[in-house]
>>> print(open('entry29.cif').read())   # mmCIF, C-alpha atoms
data_entry
#
loop_
_atom_site.label_atom_id
_atom_site.label_comp_id
_atom_site.auth_asym_id
_atom_site.auth_seq_id
_atom_site.Cartn_x
_atom_site.Cartn_y
_atom_site.Cartn_z
CA MET A 219 9.51 -18.34 30.22
CA THR A 220 11.56 -15.92 32.32
CA THR A 221 13.43 -14.69 29.25
CA LEU A 222 10.22 -14.09 27.35
CA LEU A 223 8.65 -12.22 30.25
CA LEU A 224 11.76 -10.05 30.49
CA ILE A 225 11.52 -9.24 26.78
CA PHE A 226 7.85 -8.29 27.16
CA LEU A 227 8.75 -6.11 30.15
CA LEU A 228 11.52 -4.31 28.25
CA LEU A 229 9.18 -3.66 25.32
CA LEU A 230 6.62 -2.26 27.77
CA VAL A 231 9.19 0.03 29.40
CA ASN A 232 10.34 1.27 25.99
CA TYR A 233 6.75 2.06 25.01
CA LEU A 234 6.02 3.89 28.26
CA VAL A 235 9.20 5.95 27.89
CA PHE A 236 8.04 6.82 24.36
CA LEU A 237 4.66 7.99 25.70
CA TYR A 238 6.35 9.99 28.47
CA LYS A 239 8.47 11.79 25.87
CA ILE A 240 5.34 12.53 23.84
CA ARG A 241 3.75 14.22 26.87
CA GLU A 242 6.87 16.30 27.45
CA GLY A 243 6.94 17.28 23.79
CA ILE A 244 3.30 18.37 23.85
CA LYS A 245 4.08 20.70 26.77
CA ILE A 246 6.92 22.21 24.73
CA VAL A 247 4.86 22.92 21.59
CA GLU A 248 1.95 24.16 23.69
CA ASN A 249 4.17 26.91 25.09
CA SER A 250 6.12 27.62 21.91
CA GLN A 251 5.70 31.04 20.28
CA SER A 252 7.37 32.72 17.34
CA SER A 253 9.72 35.52 18.25
CA ASN A 254 9.37 37.52 15.04
CA PRO A 255 6.43 36.50 12.81
CA ILE A 256 6.97 36.87 9.08
CA ASN A 257 4.94 38.77 6.49
CA ASP A 258 5.73 36.83 3.31
CA PHE A 259 3.32 36.12 0.45
CA VAL A 260 1.58 32.76 0.91
CA SER A 261 0.55 30.20 -1.69
CA ILE A 262 -2.11 27.71 -0.56
CA ILE A 263 -1.98 24.53 -2.65
CA VAL A 264 -4.95 22.16 -2.78
CA PRO A 265 -4.42 18.95 -4.78
CA PHE A 266 -7.67 17.16 -5.56
CA ARG A 267 -9.01 14.08 -7.29
CA ASN A 268 -12.71 13.23 -7.51
CA GLU A 269 -13.86 15.69 -4.86
CA GLU A 270 -17.05 17.03 -6.46
CA LYS A 271 -18.97 16.52 -3.20
CA ASN A 272 -16.49 18.47 -1.06
CA ILE A 273 -14.74 21.03 -3.19
CA ARG A 274 -17.41 23.74 -3.04
CA LYS A 275 -17.09 23.89 0.74
CA SER A 276 -13.31 23.99 0.38
CA VAL A 277 -13.47 27.07 -1.87
CA GLU A 278 -15.87 28.88 0.44
CA SER A 279 -13.66 28.07 3.42
CA LEU A 280 -10.38 29.19 1.89
CA SER A 281 -11.69 32.28 0.12
CA GLY A 282 -13.29 33.44 3.37
CA GLN A 283 -10.04 33.61 5.32
CA ASN A 284 -9.44 36.57 7.60
CA TYR A 285 -6.28 37.41 5.68
CA ASP A 286 -5.44 40.16 3.20
CA CYS A 287 -6.35 38.72 -0.22
CA ASP A 288 -3.38 40.56 -1.74
CA LYS A 289 -1.07 38.56 0.53
CA PHE A 290 -2.03 35.05 -0.57
CA GLU A 291 -3.15 32.93 -3.51
CA ILE A 292 -4.99 29.62 -3.73
CA ILE A 293 -3.94 27.04 -6.33
CA TYR A 294 -6.21 24.05 -6.94
CA VAL A 295 -4.39 21.19 -8.69
CA ASP A 296 -6.54 18.68 -10.54
CA ASP A 297 -4.95 15.25 -10.13
CA ASN A 298 -6.70 13.94 -13.26
CA SER A 299 -10.19 13.69 -11.78
CA ASP A 300 -12.77 11.65 -13.66
CA ASP A 301 -15.83 13.20 -11.98
CA ASN A 302 -17.29 16.72 -12.05
CA SER A 303 -14.82 18.25 -9.60
CA VAL A 304 -13.40 20.75 -12.06
CA SER A 305 -16.76 22.03 -13.30
CA VAL A 306 -18.04 22.40 -9.73
CA LEU A 307 -14.84 24.22 -8.83
CA GLU A 308 -15.07 26.58 -11.82
CA SER A 309 -18.68 27.45 -11.02
CA THR A 310 -17.82 28.20 -7.39
CA ILE A 311 -14.75 30.40 -7.74
CA THR A 312 -15.36 34.15 -7.56
CA ALA A 313 -12.17 35.45 -5.92
CA LYS A 314 -9.36 36.72 -8.16
CA ASN A 315 -6.61 35.07 -6.11
CA ILE A 316 -7.79 31.50 -6.92
CA LYS A 317 -6.66 29.54 -9.95
CA ILE A 318 -6.92 25.98 -11.25
CA ILE A 319 -4.12 24.02 -12.86
CA LYS A 320 -3.88 20.43 -14.03
CA SER A 321 -1.31 17.94 -12.84
CA PRO A 322 0.74 16.18 -15.54
CA ILE A 323 -0.63 12.83 -16.67
CA SER A 324 1.74 10.07 -15.58
CA SER A 325 1.89 6.38 -16.45
CA GLU A 326 3.49 5.67 -13.09
CA LYS A 327 1.53 3.81 -10.42
CA ASN A 328 2.74 5.91 -7.54
CA ALA A 329 3.55 9.47 -6.42
CA HIS A 330 0.54 11.04 -8.16
CA LYS A 331 -0.04 13.53 -5.35
CA LYS A 332 3.62 14.53 -5.25
CA LEU A 333 3.52 15.27 -8.98
CA ALA A 334 0.44 17.42 -8.43
CA LEU A 335 2.04 19.30 -5.56
CA GLN A 336 5.29 19.81 -7.45
CA SER A 337 3.50 21.23 -10.50
CA ALA A 338 1.71 23.74 -8.25
CA ILE A 339 4.86 24.70 -6.35
CA ASN A 340 6.56 25.40 -9.68
CA GLN A 341 3.85 27.95 -10.47
CA ALA A 342 3.38 29.35 -6.97
CA LYS A 343 4.31 32.96 -6.20
CA GLY A 344 4.71 32.60 -2.45
CA GLU A 345 7.81 32.00 -0.37
CA ILE A 346 5.55 30.26 2.14
CA ILE A 347 3.74 27.22 0.75
CA VAL A 348 0.72 25.93 2.65
CA THR A 349 -0.94 22.65 1.69
CA THR A 350 -4.39 21.39 2.54
CA ASP A 351 -6.88 18.90 1.08
CA ALA A 352 -10.03 19.48 -0.94
CA ASP A 353 -12.17 17.54 1.53
CA CYS A 354 -11.20 19.93 4.35
CA PHE A 355 -12.65 23.16 5.68
CA HIS A 356 -11.21 25.80 8.00
CA GLY A 357 -12.13 28.54 10.42
CA LYS A 358 -11.71 32.14 9.26
CA ASP A 359 -8.50 32.60 11.28
CA TRP A 360 -6.89 29.34 10.16
CA LEU A 361 -4.34 30.76 7.72
CA LYS A 362 -3.42 33.72 9.90
CA THR A 363 -2.88 31.45 12.91
CA LEU A 364 -0.86 28.83 11.06
CA ILE A 365 1.40 31.45 9.46
CA SER A 366 2.00 33.09 12.84
CA SER A 367 4.14 30.08 13.80
CA PHE A 368 6.74 31.05 11.21
CA ASP A 369 9.67 33.30 12.02
CA ASN A 370 13.08 33.67 10.43
CA LYS A 371 14.32 30.44 12.03
CA VAL A 372 11.35 28.22 11.12
CA GLY A 373 11.31 26.22 7.89
CA PHE A 374 8.30 23.95 8.41
CA VAL A 375 5.07 24.21 10.43
CA SER A 376 2.70 21.31 11.09
CA GLY A 377 -0.89 22.11 12.02
CA PRO A 378 -3.66 20.19 13.78
CA VAL A 379 -6.37 18.30 11.90
CA GLU A 380 -9.64 17.20 13.47
CA PHE A 381 -12.33 14.79 12.33
CA VAL A 382 -15.86 16.15 12.44
CA SER A 383 -18.03 13.31 13.75
CA ASP A 384 -21.71 12.66 13.10
CA GLY A 385 -21.97 10.98 16.50
CA SER A 386 -21.90 7.38 15.25
CA LEU A 387 -19.66 4.83 16.95
CA PHE A 388 -17.40 4.44 13.91
CA ASN A 389 -17.00 8.21 13.53
CA GLU A 390 -16.31 8.79 17.21
CA VAL A 391 -13.70 6.03 17.38
CA GLN A 392 -11.97 7.46 14.29
CA LYS A 393 -12.03 10.93 15.84
CA ILE A 394 -10.28 9.63 18.96
CA GLU A 395 -7.73 7.60 17.00
CA PHE A 396 -6.95 10.45 14.60
CA ALA A 397 -6.56 12.96 17.43
CA SER A 398 -4.06 10.61 19.06
CA LEU A 399 -1.95 10.58 15.87
CA ILE A 400 -1.97 14.38 15.70
CA LEU A 401 -0.93 14.63 19.36
CA VAL A 402 1.86 12.08 18.93
CA GLY A 403 3.10 14.05 15.93
CA ALA A 404 3.01 17.27 17.97
CA GLY A 405 4.90 15.67 20.86
CA LEU A 406 7.59 14.26 18.59
CA ILE A 407 8.09 17.69 17.02
CA GLY A 408 8.38 19.13 20.53
CA ILE A 409 11.26 16.79 21.40
CA LYS A 410 12.89 17.44 18.00
CA GLN A 411 12.25 13.94 16.66
CA PRO A 412 9.66 14.74 13.97
CA ILE A 413 8.00 11.73 12.41
CA LEU A 414 4.29 12.41 11.90
CA CYS A 415 2.44 15.31 10.29
CA ASN A 416 -0.49 15.67 7.92
CA ALA A 417 -0.47 17.30 4.48
CA ALA A 418 -4.01 18.55 5.13
CA ASN A 419 -2.50 21.26 7.32
CA LEU A 420 1.11 22.30 6.99
CA GLY A 421 3.37 25.01 5.66
CA PHE A 422 6.98 25.31 4.57
CA ARG A 423 9.41 27.71 2.96
CA ARG A 424 9.63 27.29 -0.77
CA SER A 425 13.35 28.10 -0.76
CA ILE A 426 14.01 25.36 1.81
CA PHE A 427 11.85 22.92 -0.16
CA ASN A 428 14.14 23.49 -3.13
CA LEU A 429 17.26 23.35 -0.95
CA VAL A 430 16.49 19.83 0.32
CA GLY A 431 15.44 18.57 -3.11
CA GLY A 432 11.68 18.62 -2.59
CA TYR A 433 10.13 15.24 -3.31
CA SER A 434 12.79 14.10 -5.78
CA ASP A 435 14.37 11.45 -3.54
CA ASN A 436 11.10 9.71 -2.59
CA MET A 437 9.12 9.70 -5.83
CA ASN A 438 9.29 5.90 -5.69
CA LEU A 439 6.83 6.04 -2.77
CA SER A 440 3.23 7.14 -3.18
CA SER A 441 2.86 8.47 0.33
CA GLY A 442 5.10 10.65 2.47
CA ASP A 443 5.07 14.00 0.69
CA ASP A 444 4.49 15.60 4.09
CA GLU A 445 6.60 13.55 6.50
CA PHE A 446 9.71 13.05 4.36
CA LEU A 447 9.87 16.77 3.64
CA MET A 448 9.47 17.64 7.32
CA GLN A 449 12.21 15.21 8.31
CA LYS A 450 14.63 16.49 5.66
CA ILE A 451 14.14 20.08 6.80
CA ALA A 452 14.58 19.05 10.45
CA TYR A 453 17.69 16.92 9.96
CA ASN A 454 19.38 18.40 6.89
CA THR A 455 19.05 22.14 7.49
CA ASP A 456 19.47 24.64 10.31
CA TYR A 457 15.79 25.58 10.17
CA GLU A 458 13.35 24.56 12.90
CA VAL A 459 10.21 22.47 12.61
CA LYS A 460 7.24 23.66 14.68
CA PHE A 461 3.77 22.46 15.57
CA CYS A 462 1.03 25.11 15.73
CA PHE A 463 -0.73 24.15 18.97
CA ASN A 464 -3.72 26.45 18.57
CA LYS A 465 -7.44 25.73 18.17
CA ARG A 466 -7.78 28.42 15.54
CA ALA A 467 -5.24 26.61 13.35
CA ILE A 468 -7.31 23.43 13.18
CA CYS A 469 -8.21 22.07 9.76
CA PHE A 470 -11.45 20.05 9.79
CA THR A 471 -12.36 17.03 7.70
CA LYS A 472 -14.74 14.09 7.80
CA PRO A 473 -13.84 10.58 8.98
CA ASN A 474 -13.88 7.66 6.58
CA LYS A 475 -17.37 6.51 5.74
CA TYR A 476 -16.57 2.82 5.39
CA ILE A 477 -14.25 0.43 7.20
CA ASN A 478 -12.43 -0.47 3.99
CA ASP A 479 -11.72 3.22 3.31
CA PHE A 480 -10.25 3.50 6.81
CA TYR A 481 -8.17 0.37 6.22
CA GLN A 482 -6.83 1.62 2.87
CA GLN A 483 -5.97 5.00 4.36
CA ARG A 484 -4.05 3.49 7.23
CA LYS A 485 -2.23 1.11 4.87
CA ARG A 486 -1.20 4.15 2.86
CA TRP A 487 0.11 5.94 5.93
CA ALA A 488 2.00 2.86 7.16
CA SER A 489 3.52 2.11 3.74
CA LYS A 490 6.37 4.61 4.15
CA SER A 491 7.46 3.82 7.70
CA LEU A 492 10.50 1.74 6.76
CA TYR A 493 11.86 4.57 4.61
CA TYR A 494 12.16 7.34 7.21
CA ILE A 495 15.43 9.23 7.10
CA LYS A 496 16.79 8.33 10.53
CA LYS A 497 17.31 4.60 11.04
CA SER A 498 16.89 5.12 14.78
CA THR A 499 13.32 6.21 14.02
CA VAL A 500 12.67 3.00 12.09
CA LEU A 501 14.15 1.03 14.99
CA ASN A 502 11.92 2.78 17.53
CA LEU A 503 8.84 2.20 15.40
CA SER A 504 9.82 -1.45 15.06
CA LEU A 505 10.11 -1.79 18.84
CA ILE A 506 6.67 -0.23 19.28
CA PHE A 507 5.27 -2.70 16.74
CA LEU A 508 6.92 -5.55 18.67
CA PHE A 509 5.29 -4.26 21.87
CA TYR A 510 1.87 -4.51 20.23
CA LEU A 511 2.73 -7.90 18.78
CA GLY A 512 3.86 -8.97 22.26
CA LEU A 513 0.42 -8.14 23.68
CA PHE A 514 -1.15 -10.56 21.22
CA VAL A 515 1.50 -13.20 21.91
CA GLN A 516 1.01 -12.93 25.68
CA PHE A 517 -2.71 -13.53 25.23
CA ILE A 518 -2.05 -16.69 23.19
CA PHE A 519 0.71 -17.91 25.54
CA GLY A 520 -1.62 -17.48 28.51
CA PHE A 521 -3.79 -20.24 27.08
CA ILE A 522 -1.00 -22.46 25.81
CA PHE A 523 1.75 -22.23 28.44
CA SER A 524 0.98 -20.44 31.70
CA PRO A 525 -1.57 -18.01 33.25
CA VAL A 526 1.37 -15.81 34.26
CA TYR A 527 1.28 -14.42 30.73
CA PHE A 528 -2.24 -13.15 31.44
CA LEU A 529 -0.83 -11.25 34.41
CA SER A 530 1.91 -9.65 32.35
CA LEU A 531 -0.65 -8.82 29.67
CA PHE A 532 -2.95 -7.21 32.25
CA LEU A 533 -0.09 -5.07 33.59
CA SER A 534 0.88 -3.99 30.09
CA LEU A 535 -2.69 -3.08 29.16
CA VAL A 536 -3.35 -1.10 32.35
CA LEU A 537 -0.19 0.97 31.94
CA LYS A 538 -0.68 1.40 28.19
CA VAL A 539 -4.27 2.60 28.52
CA SER A 540 -3.47 4.86 31.47
CA PHE A 541 -0.59 6.65 29.74
CA GLU A 542 -2.52 6.97 26.48
CA TYR A 543 -5.54 8.37 28.33
CA LEU A 544 -3.38 11.15 29.76
CA ILE A 545 -2.23 12.09 26.27
CA VAL A 546 -5.41 11.68 24.23
CA ILE A 547 -7.96 12.98 26.73
CA LYS A 548 -6.07 15.21 29.18
CA ASP A 549 -3.30 16.72 27.05
CA SER A 550 -5.73 17.42 24.20
CA GLU A 551 -8.09 19.67 26.17
CA LYS A 552 -6.47 22.91 24.97
CA LEU A 553 -6.53 21.82 21.33
CA PHE A 554 -9.39 19.48 20.49
CA SER A 555 -12.98 19.63 21.66
CA ASN A 556 -15.40 16.90 22.72
CA LEU A 557 -13.03 13.93 22.88
CA ASN A 558 -15.22 11.50 24.78
CA SER A 559 -13.66 9.18 27.38
CA PHE A 560 -16.21 6.47 26.63
CA TYR A 561 -15.20 6.29 22.98
CA PHE A 562 -11.55 6.38 24.00
CA PHE A 563 -11.97 3.08 25.83
CA ILE A 564 -13.93 1.64 22.91
CA ALA A 565 -11.11 2.68 20.59
CA GLU A 566 -8.60 0.96 22.88
CA ILE A 567 -10.32 -2.38 22.23
CA PHE A 568 -9.59 -2.14 18.52
CA HIS A 569 -6.22 -0.42 18.86
CA ILE A 570 -4.04 -3.54 19.09
CA PRO A 571 -5.43 -5.48 16.09
CA TYR A 572 -5.66 -2.25 14.08
CA ILE A 573 -1.98 -1.40 14.67
CA LEU A 574 -0.82 -4.91 13.82
CA ILE A 575 -2.93 -5.37 10.71
CA SER A 576 -2.39 -1.91 9.20
CA SER A 577 1.36 -1.99 9.90
CA ILE A 578 1.89 -5.36 8.24
CA ALA A 579 -0.41 -4.59 5.32
CA GLY A 580 1.20 -1.19 4.79
CA VAL A 581 4.73 -2.57 4.67
CA PHE A 582 4.01 -5.54 2.43
CA GLY A 583 1.02 -4.51 0.32
CA ASN A 584 -0.28 -1.94 -2.12
CA TYR A 585 -3.55 -0.11 -1.63
CA HIS A 586 -6.49 1.54 -3.37
CA TRP A 587 -6.98 5.28 -3.07
CA LYS A 588 -9.18 7.78 -4.94
CA GLY A 589 -10.17 5.17 -7.52
CA ARG A 590 -6.60 4.08 -8.18
CA LYS A 591 -4.64 0.97 -7.33
CA VAL A 592 -1.45 2.47 -5.97
CA LYS A 593 1.97 0.95 -5.50
CA ARG A 594 3.66 1.46 -2.16
#
>>> encode(input="entry29.cif", output="structure tokens")
Amino acid sequence: MTTLLLIFLLLLVNYLVFLYKIREGIKIVENSQSSNPINDFVSIIVPFRNEEKNIRKSVESLSGQNYDCDKFEIIYVDDNSDDNSVSVLESTITAKNIKIIKSPISSEKNAHKKLALQSAINQAKGEIIVTTDADCFHGKDWLKTLISSFDNKVGFVSGPVEFVSDGSLFNEVQKIEFASLILVGAGLIGIKQPILCNAANLGFRRSIFNLVGGYSDNMNLSSGDDEFLMQKIAYNTDYEVKFCFNKRAICFTKPNKYINDFYQQRKRWASKSLYYIKKSTVLNLSLIFLFYLGLFVQFIFGFIFSPVYFLSLFLSLVLKVSFEYLIVIKDSEKLFSNLNSFYFFIAEIFHIPYILISSIAGVFGNYHWKGRKVKR
């Protein structure tokens, strides 16, 4: 029993150290500013599949940017939609700097989005490539603010994404959970250990994309167009990776409507975790998974072997929740709005089973997304 308790304690300490580093990293990105902002032409790329309900708002949002229309273009890439997305898009477009292209049809069961992105990058005019999603919308200063994080030393910029809640319990819990992922990603970028970012809001240099081989070395994986590219730029070049810690750079989107959609999304995100570039990253993620697994094991062992496991579980939960509260609620105040403490504690109830189930399912299973059954 003593050995097991020691293992649980070490996993707890490792997790708390991880959270401490996240907080330090958030402070770094919060105070980070570009020394010499660039003025390059920008290409915004929006891959889409079956987005007829959202794409009109996307066009209105992007075409209304407070940015010189001669300095950027918008490329919508149809990932072989089988709804009315294209016709809705064509009827909405009025600006001259917006065009529609079609992604190549592929018989492969993975990497559809990467093929769509690559086809658009091949036709893009900009040195700075910005990607977002068709189910997103943005404030008028979004592009200007995101681009301001670039200077001559920066090769990749990750931006914040926020769920817009309708006030329901499921929406509010998703909003909290998603904000926590964005903050963790920001903190890891701050300590120069980039792992997480979101393709709904990021930018990179086209020349550096080509230098590191783009998506060519991970086309066997459906997910990861954003994170693998960020990691390659961070670890394989002399360019910096930044997080744009600014409210005006937020990209907004809606939470998942159904629990199964949430589950499939999280499976998709978890499916690439074993393939990250640095093996130390995979090891750290594995230790965090073991910490969460240990919480479940301590609960079971408390019934089977000894109540002392309940005490160790209680200690772990109190420290876990306390540290996470500081990050999700306190450290987010300058970035996100209306993150409710009540829903934070509700989210904590589901956090452990959610992490365990989505991690295991993501590593060992395929998933459904946008009407497709997709291979990992």
>>> closest_residue(input="entry29.cif", among="A:Ser489, A:Ser577, A:Asn232, A:Ser261", to="Asn328 in chain A", atoms="only C-alpha atoms")
A:Ser489
>>> resolve_selection(input="entry29.cif", expression="the PyMOL selection byres ((chain A and resi 569) around 12)", output="PDB file with C-alpha atoms, in the frame of the given file")
ATOM      1  CA  VAL A 391     -13.700   6.030  17.380  1.00  0.00           C
ATOM      2  CA  GLN A 392     -11.970   7.460  14.290  1.00  0.00           C
ATOM      3  CA  ILE A 394     -10.280   9.630  18.960  1.00  0.00           C
ATOM      4  CA  GLU A 395      -7.730   7.600  17.000  1.00  0.00           C
ATOM      5  CA  PHE A 396      -6.950  10.450  14.600  1.00  0.00           C
ATOM      6  CA  SER A 398      -4.060  10.610  19.060  1.00  0.00           C
ATOM      7  CA  PHE A 507       5.270  -2.700  16.740  1.00  0.00           C
ATOM      8  CA  TYR A 510       1.870  -4.510  20.230  1.00  0.00           C
ATOM      9  CA  LEU A 511       2.730  -7.900  18.780  1.00  0.00           C
ATOM     10  CA  LEU A 513       0.420  -8.140  23.680  1.00  0.00           C
ATOM     11  CA  PHE A 514      -1.150 -10.560  21.220  1.00  0.00           C
ATOM     12  CA  LEU A 535      -2.690  -3.080  29.160  1.00  0.00           C
ATOM     13  CA  LYS A 538      -0.680   1.400  28.190  1.00  0.00           C
ATOM     14  CA  VAL A 539      -4.270   2.600  28.520  1.00  0.00           C
ATOM     15  CA  GLU A 542      -2.520   6.970  26.480  1.00  0.00           C
ATOM     16  CA  TYR A 561     -15.200   6.290  22.980  1.00  0.00           C
ATOM     17  CA  PHE A 562     -11.550   6.380  24.000  1.00  0.00           C
ATOM     18  CA  PHE A 563     -11.970   3.080  25.830  1.00  0.00           C
ATOM     19  CA  ILE A 564     -13.930   1.640  22.910  1.00  0.00           C
ATOM     20  CA  ALA A 565     -11.110   2.680  20.590  1.00  0.00           C
ATOM     21  CA  GLU A 566      -8.600   0.960  22.880  1.00  0.00           C
ATOM     22  CA  ILE A 567     -10.320  -2.380  22.230  1.00  0.00           C
ATOM     23  CA  PHE A 568      -9.590  -2.140  18.520  1.00  0.00           C
ATOM     24  CA  ILE A 570      -4.040  -3.540  19.090  1.00  0.00           C
ATOM     25  CA  PRO A 571      -5.430  -5.480  16.090  1.00  0.00           C
ATOM     26  CA  TYR A 572      -5.660  -2.250  14.080  1.00  0.00           C
ATOM     27  CA  ILE A 573      -1.980  -1.400  14.670  1.00  0.00           C
ATOM     28  CA  LEU A 574      -0.820  -4.910  13.820  1.00  0.00           C
ATOM     29  CA  ILE A 575      -2.930  -5.370  10.710  1.00  0.00           C
ATOM     30  CA  SER A 576      -2.390  -1.910   9.200  1.00  0.00           C
ATOM     31  CA  SER A 577       1.360  -1.990   9.900  1.00  0.00           C
TER      32      SER A 577
END
>>> atom_distance(input="entry29.cif", atom1="CA of Gln482 in chain A", atom2="CA of Glu269 in chain A")
17.5 Å
>>> closest_residue(input="entry29.cif", among="A:Lys239, A:Thr349, A:Val231, A:Lys289", to="Phe266 in chain A", atoms="only C-alpha atoms")
A:Thr349
>>> closest_residue(input="entry29.cif", among="A:Asn257, A:Asn558, A:Ser309, A:Asn315", to="Ile293 in chain A", atoms="all atoms listed in the file")
A:Asn315
>>> residues_near_point(input="entry29.cif", point="(0.8, 18.9, 15.2)", cutoff="12 Å", atoms="all atoms listed in the file", output="ChimeraX atom specification")
/A:240,243-244,246-248,364,367,374-380,396-408,412-421,445,448,459-465,467-469,550,553-554
>>> atom_distance(input="entry29.cif", atom1="CA of Val306 in chain A", atom2="CA of Asp353 in chain A")
13.6 Å
>>> residues_near_point(input="entry29.cif", point="(10.1, 19.6, -0.6)", cutoff="9 Å", atoms="all atoms listed in the file", output="list in words")
Gln336, Phe422, Arg423, Arg424, Ile426, Phe427, Asn428, Leu429, Val430, Gly431, Gly432, Tyr433, Ser434, Asp443, Asp444, Phe446, Leu447, Met448, Lys450 and Ile451 of chain A
>>> write_last_selection(input="entry29.cif", atoms="C-alpha atoms", output="PDB file, in the coordinates of the input")
ATOM      1  CA  GLN A 336       5.290  19.810  -7.450  1.00  0.00           C
ATOM      2  CA  PHE A 422       6.980  25.310   4.570  1.00  0.00           C
ATOM      3  CA  ARG A 423       9.410  27.710   2.960  1.00  0.00           C
ATOM      4  CA  ARG A 424       9.630  27.290  -0.770  1.00  0.00           C
ATOM      5  CA  ILE A 426      14.010  25.360   1.810  1.00  0.00           C
ATOM      6  CA  PHE A 427      11.850  22.920  -0.160  1.00  0.00           C
ATOM      7  CA  ASN A 428      14.140  23.490  -3.130  1.00  0.00           C
ATOM      8  CA  LEU A 429      17.260  23.350  -0.950  1.00  0.00           C
ATOM      9  CA  VAL A 430      16.490  19.830   0.320  1.00  0.00           C
ATOM     10  CA  GLY A 431      15.440  18.570  -3.110  1.00  0.00           C
ATOM     11  CA  GLY A 432      11.680  18.620  -2.590  1.00  0.00           C
ATOM     12  CA  TYR A 433      10.130  15.240  -3.310  1.00  0.00           C
ATOM     13  CA  SER A 434      12.790  14.100  -5.780  1.00  0.00           C
ATOM     14  CA  ASP A 443       5.070  14.000   0.690  1.00  0.00           C
ATOM     15  CA  ASP A 444       4.490  15.600   4.090  1.00  0.00           C
ATOM     16  CA  PHE A 446       9.710  13.050   4.360  1.00  0.00           C
ATOM     17  CA  LEU A 447       9.870  16.770   3.640  1.00  0.00           C
ATOM     18  CA  MET A 448       9.470  17.640   7.320  1.00  0.00           C
ATOM     19  CA  LYS A 450      14.630  16.490   5.660  1.00  0.00           C
ATOM     20  CA  ILE A 451      14.140  20.080   6.800  1.00  0.00           C
TER      21      ILE A 451
END
>>> resolve_selection(input="entry29.cif", expression="the PyMOL selection byres ((chain A and resi 485) around 9)", output="JSON, numbers by chain")
{"A": [480, 481, 482, 483, 484, 486, 487, 488, 489, 575, 576, 577, 578, 579, 580, 581, 583, 584, 585]}
>>> resolve_selection(input="entry29.cif", expression="the PyMOL selection byres ((chain A and resi 383-385) around 12)", output="list in words")
Glu380, Phe381, Val382, Ser386, Leu387, Phe388, Asn389, Glu390, Val391, Gln392, Lys393, Ile394, Phe396, Phe470, Thr471, Lys472, Pro473, Asn474, Lys475, Ser555, Asn556, Leu557, Asn558 and Tyr561 of chain A
>>> residues_around(input="entry29.cif", residues="Leu229 in chain A", least_positions_apart="2", cutoff="9 Å", atoms="only C-alpha atoms", output="compact mmCIF listing (two decimals) with C-alpha atoms, in the coordinates of the input")
# COMPACT_ATOMS: atom_id res chain seq x y z
CA LEU A 224 11.76 -10.05 30.49
CA ILE A 225 11.52 -9.24 26.78
CA PHE A 226 7.85 -8.29 27.16
CA LEU A 227 8.75 -6.11 30.15
CA VAL A 231 9.19 0.03 29.40
CA ASN A 232 10.34 1.27 25.99
CA TYR A 233 6.75 2.06 25.01
CA LEU A 234 6.02 3.89 28.26
CA LEU A 505 10.11 -1.79 18.84
CA ILE A 506 6.67 -0.23 19.28
CA LEU A 508 6.92 -5.55 18.67
CA PHE A 509 5.29 -4.26 21.87
CA TYR A 510 1.87 -4.51 20.23
CA GLY A 512 3.86 -8.97 22.26
>>> residues_around(input="entry29.cif", residues="Asn370 in chain A", least_positions_apart="2", cutoff="10 Å", atoms="all atoms listed in the file", output="PyMOL selection string")
chain A and resi 252-256+368+372-373+457-458
>>> closest_residue(input="entry29.cif", among="A:Asn298, A:Cys287, A:Phe582, A:Phe541", to="Leu237 in chain A", atoms="all atoms listed in the file")
A:Phe541
>>> closest_residue(input="entry29.cif", among="A:Asp288, A:Ser279, A:Asn436, A:Ser425", to="Lys358 in chain A", atoms="only C-alpha atoms")
A:Ser279
>>> atom_distance(input="entry29.cif", atom1="CA of Gln341 in chain A", atom2="CA of Asp297 in chain A")
15.5 Å
